[in-house]
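> Before anything else, here's the structure in question.
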Amino acid sequence: MNGVTELRRLIDENNEKLLDLLSERGALVSHMRNLKEKKGEDLFDPRREHEMLERLIKANQGPFPDEVIRSLFKEVFKASLGLMSRKTIESLRVYRSPGAKDKVIDVSGVTLGRYPQYIAGPCSVEGLDELDAVAAGLSRQGVRLLRGGAYKPRTSPYSFQGMGEEGLRILEEVATRHGMVSVTEVLDTRSAELVAAHAGILQIGTRNMSNFELLKEVGRIGKPVLLKRGFMATLDEFLNAAEYIMAAGNNDIILCERGIRTFVKSTRNTLDISAVPLLKKNTYLPVIVDVSHAVGRKDLLEPLAAAAFAAGADGVMIEVHHDPLVAKSDAEQQLTVNEFAALAESVRRIIPGAAPAPVKRMEDVKCV
Ligand code: PEP
Ligand code: MN
């Protein structure tokens, strides 16, 4: 055997030894992370890193100069810190583990995740009779989830801010009367308990997806949460927001894609339809699409609702108002009940069985 071949064999052996040692170091560091997490200690200790480098420089006998040893080991430390501090997305609780079944959320007998649903209703609760008219019409269309904001996150502080507690009471009364489950937004930690006392499902709006204290609070309260994706959030950030709720003890989470901000000007936001199959693939939670806030206009809702169901969404949220022209918020994107009924019918034609059919009631059945 010639010298070069033999040296190459020895170098290969050496590489493998180095790799084994690095892997061993990685395992020790992961062990350290678990211990530190249990004790609530900081994962990164700059003094310790400094000491380790000093010790290595002292021990260095060449042939590599000290600066090379320093930068090589800094890379090793950096990689180890990556193992220490960052839980990978795949290790999150929201992440789908192999063979995990899809989660079905049951709120008073109304399920999300079993078959497609609509979540419909006005942008804001504006009055008892007004909401009742919408809920009556929607429930005749087979809609079981009634939305309506009582606390509204508005871009301008001078715009209608919602009816507050009175709006919550109206929503609860109307939903109960029509056998529907209410969905309404929780704006802050102060009012979270109050909203939870009246609502079936707590909505976290797009602007609050990164309000970590609020996420922890709705996690603690334990009622089902409809979590909207932040309009500037990546899917990893979205999953981490859901993780906050789960880590606080609440697994009943519905993920909602509602459009993200892009350079497109013709729609209010850009619906990221690929988020639907991605979220379905990577999590086991129900996924819905809010088409109204995604586009902010009425004429695109029907194809997008069909697209959402075709992409595998468990539900579609649509704003429906008793008289959209005079709506106190989002007037331009809300449908009338009749427009909603027409939309649902064409979506059913495009994707048979996509969403509930109108309910046949005694008064609708003609006697012959
Ligand atoms: C809403 O659904 O009422 C709402 C304000 O939506 P978003 O948070 O998605 O803007
Ligand atoms: Mn709205």
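The way I read the labels, and the way they are meant: chains A, B, ... in the order of the structure tokens, residue 1 as the first residue of every chain, and ligand 1 as the first ligand shown, with later ones counted on from there.
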Report the closest atom pair, with its distance in Å rounded to one decimal, for each residue of chain A that has an atom no farther than 7 Å from ligand 2; count only C-alpha atoms and all ligand atoms, sort by chain and then rising residue number, and write it as CSV.

residue,atom,partner,partner_atom_place_in_ligand_line,distance
A:Cys123,CA,ligand 2,1 (Mn),4.0
A:Ser124,CA,ligand 2,1 (Mn),7.0
A:His293,CA,ligand 2,1 (Mn),6.3
A:Glu319,CA,ligand 2,1 (Mn),6.8
A:Ser329,CA,ligand 2,1 (Mn),6.3
A:Asp330,CA,ligand 2,1 (Mn),5.0
> Show me which residues sit within 8 Å of ligand 1 when counting only C-alpha atoms and all ligand atoms, and put them as a PyMOL selection string.
chain A and resi 123-124+148-149+152-154+184-185+203-208+228-231+258-259+290+293-294
> Could you give me, as a tab-separated table (two decimals) with all heavy atoms, in the first residue's frame, the residues within 8 Å of segment 212-222 of chain A, counting only C-alpha atoms and dropping anything in the same chain fewer than 6 positions from it?

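Heads up, here's the output in part.tsv:
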chain	number	residue	atom	x	y	z
A	188	ASP	N	-57.99	41.58	24.59
A	188	ASP	CA	-56.91	41.75	25.57
A	188	ASP	C	-57.12	40.85	26.78
A	188	ASP	O	-58.19	40.27	26.96
A	188	ASP	CB	-56.77	43.22	26.00
A	188	ASP	CG	-58.07	43.78	26.52
A	188	ASP	OD1	-58.79	43.05	27.21
A	188	ASP	OD2	-58.36	44.95	26.26
A	189	THR	N	-56.06	40.76	27.59
A	189	THR	CA	-56.13	39.85	28.75
A	189	THR	C	-57.18	40.32	29.76
A	189	THR	O	-57.80	39.49	30.42
A	189	THR	CB	-54.76	39.77	29.45
A	189	THR	OG1	-54.29	41.10	29.67
A	189	THR	CG2	-53.74	39.03	28.63
A	192	ALA	N	-60.59	38.92	28.79
A	192	ALA	CA	-60.65	37.52	28.32
A	192	ALA	C	-61.65	36.68	29.11
A	192	ALA	O	-62.45	35.94	28.51
A	192	ALA	CB	-59.26	36.89	28.39
A	193	GLU	N	-61.66	36.80	30.42
A	193	GLU	CA	-62.60	36.01	31.25
A	193	GLU	C	-64.04	36.37	30.91
A	193	GLU	O	-64.90	35.51	30.82
A	193	GLU	CB	-62.35	36.27	32.74
A	193	GLU	CG	-61.09	35.63	33.30
A	193	GLU	CD	-61.24	34.15	33.60
A	193	GLU	OE1	-62.30	33.57	33.29
A	193	GLU	OE2	-60.27	33.56	34.12
A	196	ALA	N	-65.01	34.93	27.64
A	196	ALA	CA	-65.15	33.47	27.77
A	196	ALA	C	-66.45	33.09	28.48
A	196	ALA	O	-67.00	32.01	28.24
A	196	ALA	CB	-63.94	32.91	28.53
A	202	LEU	N	-63.34	31.37	21.39
A	202	LEU	CA	-62.63	32.65	21.54
A	202	LEU	C	-61.76	32.87	20.31
A	202	LEU	O	-60.93	32.02	19.97
A	202	LEU	CB	-61.74	32.63	22.78
A	202	LEU	CG	-62.44	32.24	24.09
A	202	LEU	CD1	-61.43	32.23	25.24
A	202	LEU	CD2	-63.57	33.20	24.39
A	241	ALA	N	-47.23	30.37	17.86
A	241	ALA	CA	-48.31	31.06	18.58
A	241	ALA	C	-49.30	30.03	19.12
A	241	ALA	O	-49.74	30.10	20.28
A	241	ALA	CB	-49.01	32.06	17.66
A	242	ALA	N	-49.64	29.04	18.27
A	242	ALA	CA	-50.55	27.98	18.73
A	242	ALA	C	-49.90	27.19	19.88
A	242	ALA	O	-50.57	26.78	20.84
A	242	ALA	CB	-50.88	27.04	17.56
A	244	TYR	N	-47.99	28.35	22.16
A	244	TYR	CA	-48.18	29.11	23.42
A	244	TYR	C	-49.48	28.69	24.09
A	244	TYR	O	-49.55	28.52	25.31
A	244	TYR	CB	-48.23	30.61	23.12
A	244	TYR	CG	-46.91	31.31	23.36
A	244	TYR	CD1	-46.02	31.52	22.32
A	244	TYR	CD2	-46.57	31.76	24.62
A	244	TYR	CE1	-44.82	32.17	22.53
A	244	TYR	CE2	-45.36	32.42	24.84
A	244	TYR	CZ	-44.49	32.61	23.80
A	244	TYR	OH	-43.30	33.24	24.01
A	245	ILE	N	-50.53	28.55	23.28
A	245	ILE	CA	-51.85	28.20	23.84
A	245	ILE	C	-51.80	26.78	24.39
A	245	ILE	O	-52.27	26.50	25.49
A	245	ILE	CB	-52.94	28.36	22.75
A	245	ILE	CG1	-52.97	29.80	22.25
A	245	ILE	CG2	-54.31	27.94	23.28
A	245	ILE	CD1	-53.86	30.04	21.04
A	246	MET	N	-51.17	25.87	23.62
A	246	MET	CA	-51.08	24.47	24.05
A	246	MET	C	-50.22	24.34	25.29
A	246	MET	O	-50.56	23.61	26.22
A	246	MET	CB	-50.48	23.61	22.95
A	246	MET	CG	-51.52	23.11	22.04
A	246	MET	SD	-50.95	21.65	21.17
A	246	MET	CE	-52.29	21.53	20.00
A	247	ALA	N	-49.09	25.06	25.30
A	247	ALA	CA	-48.19	24.96	26.44
A	247	ALA	C	-48.88	25.45	27.71
A	247	ALA	O	-48.54	25.04	28.82
A	247	ALA	CB	-46.91	25.75	26.18
A	248	ALA	N	-49.88	26.32	27.54
A	248	ALA	CA	-50.63	26.82	28.71
A	248	ALA	C	-51.77	25.88	29.07
A	248	ALA	O	-52.56	26.17	29.97
A	248	ALA	CB	-51.15	28.22	28.44
A	249	GLY	N	-51.90	24.76	28.35
A	249	GLY	CA	-52.85	23.73	28.76
A	249	GLY	C	-54.10	23.59	27.93
A	249	GLY	O	-55.02	22.87	28.30
A	250	ASN	N	-54.17	24.27	26.78
A	250	ASN	CA	-55.39	24.20	25.97
A	250	ASN	C	-55.07	23.65	24.58
A	250	ASN	O	-54.36	24.28	23.80
A	250	ASN	CB	-55.99	25.61	25.88
A	250	ASN	CG	-57.33	25.63	25.16
A	250	ASN	OD1	-57.79	24.62	24.66
A	250	ASN	ND2	-57.95	26.80	25.12
A	252	ASP	N	-57.49	22.77	22.36
A	252	ASP	CA	-58.60	22.99	21.43
A	252	ASP	C	-58.38	24.26	20.62
A	252	ASP	O	-58.87	25.33	20.95
A	252	ASP	CB	-59.92	23.07	22.20
A	252	ASP	CG	-60.32	21.71	22.75
A	252	ASP	OD1	-59.77	20.69	22.25
A	252	ASP	OD2	-61.15	21.66	23.66
> Using only C-alpha atoms for the distances, tell me which of A:Val134, A:Val186, A:Ile69, A:Ala175 is nearest to Tyr151 of chain A.
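For Tyr151 of chain A, the nearest of the candidates is A:Val186.
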> With DSSP run on the backbone, what are the helix (DSSP H, G or I) residues within segment 52-164 of chain A? I'd like them as a PyMOL selection string.
chain A and resi 52-59+66-85+89-91+128-140
> Please provide the set of residues having any atom within 9 Å of Leu304 of chain A, restricted to only C-alpha atoms, with same-chain residues fewer than 3 positions apart removed, written as a PyMOL selection string.
chain A and resi 271+273+291+300-301+307-309
> Using all heavy atoms, can you write the selected residues to a file as a PDB file, in the first residue's frame?

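And here's part_12.pdb as it stands now:
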ATOM      1  N   LEU A 271     -54.577  35.859  -0.026  1.00  0.00           N
ATOM      2  CA  LEU A 271     -54.898  34.576   0.612  1.00  0.00           C
ATOM      3  C   LEU A 271     -53.793  33.570   0.302  1.00  0.00           C
ATOM      4  O   LEU A 271     -53.528  33.280  -0.859  1.00  0.00           O
ATOM      5  CB  LEU A 271     -56.253  34.071   0.111  1.00  0.00           C
ATOM      6  CG  LEU A 271     -56.701  32.726   0.686  1.00  0.00           C
ATOM      7  CD1 LEU A 271     -56.801  32.794   2.202  1.00  0.00           C
ATOM      8  CD2 LEU A 271     -58.040  32.315   0.093  1.00  0.00           C
ATOM      9  N   ILE A 273     -53.242  30.279   0.057  1.00  0.00           N
ATOM     10  CA  ILE A 273     -54.007  29.027   0.019  1.00  0.00           C
ATOM     11  C   ILE A 273     -53.115  27.820   0.338  1.00  0.00           C
ATOM     12  O   ILE A 273     -53.560  26.833   0.902  1.00  0.00           O
ATOM     13  CB  ILE A 273     -54.764  28.871  -1.326  1.00  0.00           C
ATOM     14  CG1 ILE A 273     -55.920  27.892  -1.194  1.00  0.00           C
ATOM     15  CG2 ILE A 273     -53.860  28.490  -2.469  1.00  0.00           C
ATOM     16  CD1 ILE A 273     -57.111  28.441  -0.470  1.00  0.00           C
ATOM     17  N   VAL A 291     -62.255  33.996   4.282  1.00  0.00           N
ATOM     18  CA  VAL A 291     -62.124  34.570   2.939  1.00  0.00           C
ATOM     19  C   VAL A 291     -62.443  36.061   2.939  1.00  0.00           C
ATOM     20  O   VAL A 291     -61.914  36.828   2.128  1.00  0.00           O
ATOM     21  CB  VAL A 291     -63.004  33.816   1.897  1.00  0.00           C
ATOM     22  CG1 VAL A 291     -62.396  32.475   1.562  1.00  0.00           C
ATOM     23  CG2 VAL A 291     -64.437  33.655   2.364  1.00  0.00           C
ATOM     24  N   LEU A 300     -65.072  38.066  -4.864  1.00  0.00           N
ATOM     25  CA  LEU A 300     -64.112  36.959  -4.972  1.00  0.00           C
ATOM     26  C   LEU A 300     -64.368  35.872  -3.923  1.00  0.00           C
ATOM     27  O   LEU A 300     -63.613  34.895  -3.837  1.00  0.00           O
ATOM     28  CB  LEU A 300     -62.672  37.478  -4.815  1.00  0.00           C
ATOM     29  CG  LEU A 300     -62.220  38.561  -5.790  1.00  0.00           C
ATOM     30  CD1 LEU A 300     -60.775  38.961  -5.519  1.00  0.00           C
ATOM     31  CD2 LEU A 300     -62.359  38.072  -7.226  1.00  0.00           C
ATOM     32  N   LEU A 301     -65.401  36.063  -3.108  1.00  0.00           N
ATOM     33  CA  LEU A 301     -65.578  35.138  -1.975  1.00  0.00           C
ATOM     34  C   LEU A 301     -65.922  33.717  -2.423  1.00  0.00           C
ATOM     35  O   LEU A 301     -65.433  32.745  -1.855  1.00  0.00           O
ATOM     36  CB  LEU A 301     -66.652  35.670  -1.018  1.00  0.00           C
ATOM     37  CG  LEU A 301     -66.329  37.035  -0.385  1.00  0.00           C
ATOM     38  CD1 LEU A 301     -67.460  37.481   0.530  1.00  0.00           C
ATOM     39  CD2 LEU A 301     -65.015  36.974   0.381  1.00  0.00           C
ATOM     40  N   ALA A 307     -62.079  27.201  -3.255  1.00  0.00           N
ATOM     41  CA  ALA A 307     -60.651  26.851  -3.249  1.00  0.00           C
ATOM     42  C   ALA A 307     -60.225  26.386  -1.853  1.00  0.00           C
ATOM     43  O   ALA A 307     -59.450  25.429  -1.717  1.00  0.00           O
ATOM     44  CB  ALA A 307     -59.811  28.056  -3.673  1.00  0.00           C
ATOM     45  N   ALA A 308     -60.747  27.054  -0.836  1.00  0.00           N
ATOM     46  CA  ALA A 308     -60.371  26.687   0.533  1.00  0.00           C
ATOM     47  C   ALA A 308     -60.819  25.258   0.841  1.00  0.00           C
ATOM     48  O   ALA A 308     -60.039  24.447   1.354  1.00  0.00           O
ATOM     49  CB  ALA A 308     -60.996  27.668   1.523  1.00  0.00           C
ATOM     50  N   PHE A 309     -62.075  24.952   0.508  1.00  0.00           N
ATOM     51  CA  PHE A 309     -62.556  23.578   0.768  1.00  0.00           C
ATOM     52  C   PHE A 309     -61.771  22.576  -0.081  1.00  0.00           C
ATOM     53  O   PHE A 309     -61.405  21.504   0.394  1.00  0.00           O
ATOM     54  CB  PHE A 309     -64.053  23.465   0.483  1.00  0.00           C
ATOM     55  CG  PHE A 309     -64.916  24.081   1.560  1.00  0.00           C
ATOM     56  CD1 PHE A 309     -65.880  25.031   1.258  1.00  0.00           C
ATOM     57  CD2 PHE A 309     -64.768  23.709   2.902  1.00  0.00           C
ATOM     58  CE1 PHE A 309     -66.681  25.599   2.251  1.00  0.00           C
ATOM     59  CE2 PHE A 309     -65.557  24.263   3.907  1.00  0.00           C
ATOM     60  CZ  PHE A 309     -66.516  25.207   3.574  1.00  0.00           C
TER      61      PHE A 309
END
> With only C-alpha atoms as the counted atoms, please give the residues lying no more than 8 Å from segment 350-359 of chain A, apart from itself and same-chain residues fewer than 2 positions off, as a count of residues only.
18
> What gap, in Å, lies between atom CA of Gly137 of chain A and atom CA of Gly121 of chain A?
10.0 Å
> So that I can see what lies close to Gln334 of chain A, please list as a count of residues only the residues with an atom at most 10 Å from it, counting only C-alpha atoms and leaving out residues fewer than 2 positions away in the same chain.
26
> Which value, in Å to one decimal, gives the distance between atom CA of Val183 of chain A and atom CA of Arg93 of chain A?
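Computing the Euclidean distance for atom CA of Val183 of chain A and atom CA of Arg93 of chain A yields 24.5 Å.
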> Select, from A:Ser97, A:Thr267, A:Thr111, A:Asn2, the residue with the minimum atom-to-atom distance to Asp314 of chain A, counting only C-alpha atoms.
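Smallest distance to Asp314 of chain A is found for A:Thr111.
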> Counting only C-alpha atoms, which residue out of A:Asp20, A:Glu49, A:Glu75, A:Glu257 sits closest to Leu278 of chain A?
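Looking only at the distances to Leu278 of chain A, the closest residue turns out to be A:Glu257.
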> To one decimal place, how far is atom CA of Ile170 of chain A from atom CA of Ala199 of chain A in Å?
10.6 Å
> Please extract the residues of segment 157-278 of chain A with a backbone DSSP assignment of strand (DSSP E) and present them as a ChimeraX atom specification.
/A:181-185,201-204,225-228,253-257
> Excluding Phe73 of chain A and any residue of its chain fewer than 6 positions from it, enumerate the residues within 10 Å of it, using only C-alpha atoms, and give them as a list in words.
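Those residues are Glu49, Met52, Leu53, Leu56, Glu67 and Ala79 of chain A.
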> I need the residue nearest Asn251 of chain A from this list: A:Met209, A:Val94, A:Leu279, A:Leu171. Use only C-alpha atoms for the distance.
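Ranking A:Met209, A:Val94, A:Leu279, A:Leu171 by distance to Asn251 of chain A, first place goes to A:Val94.
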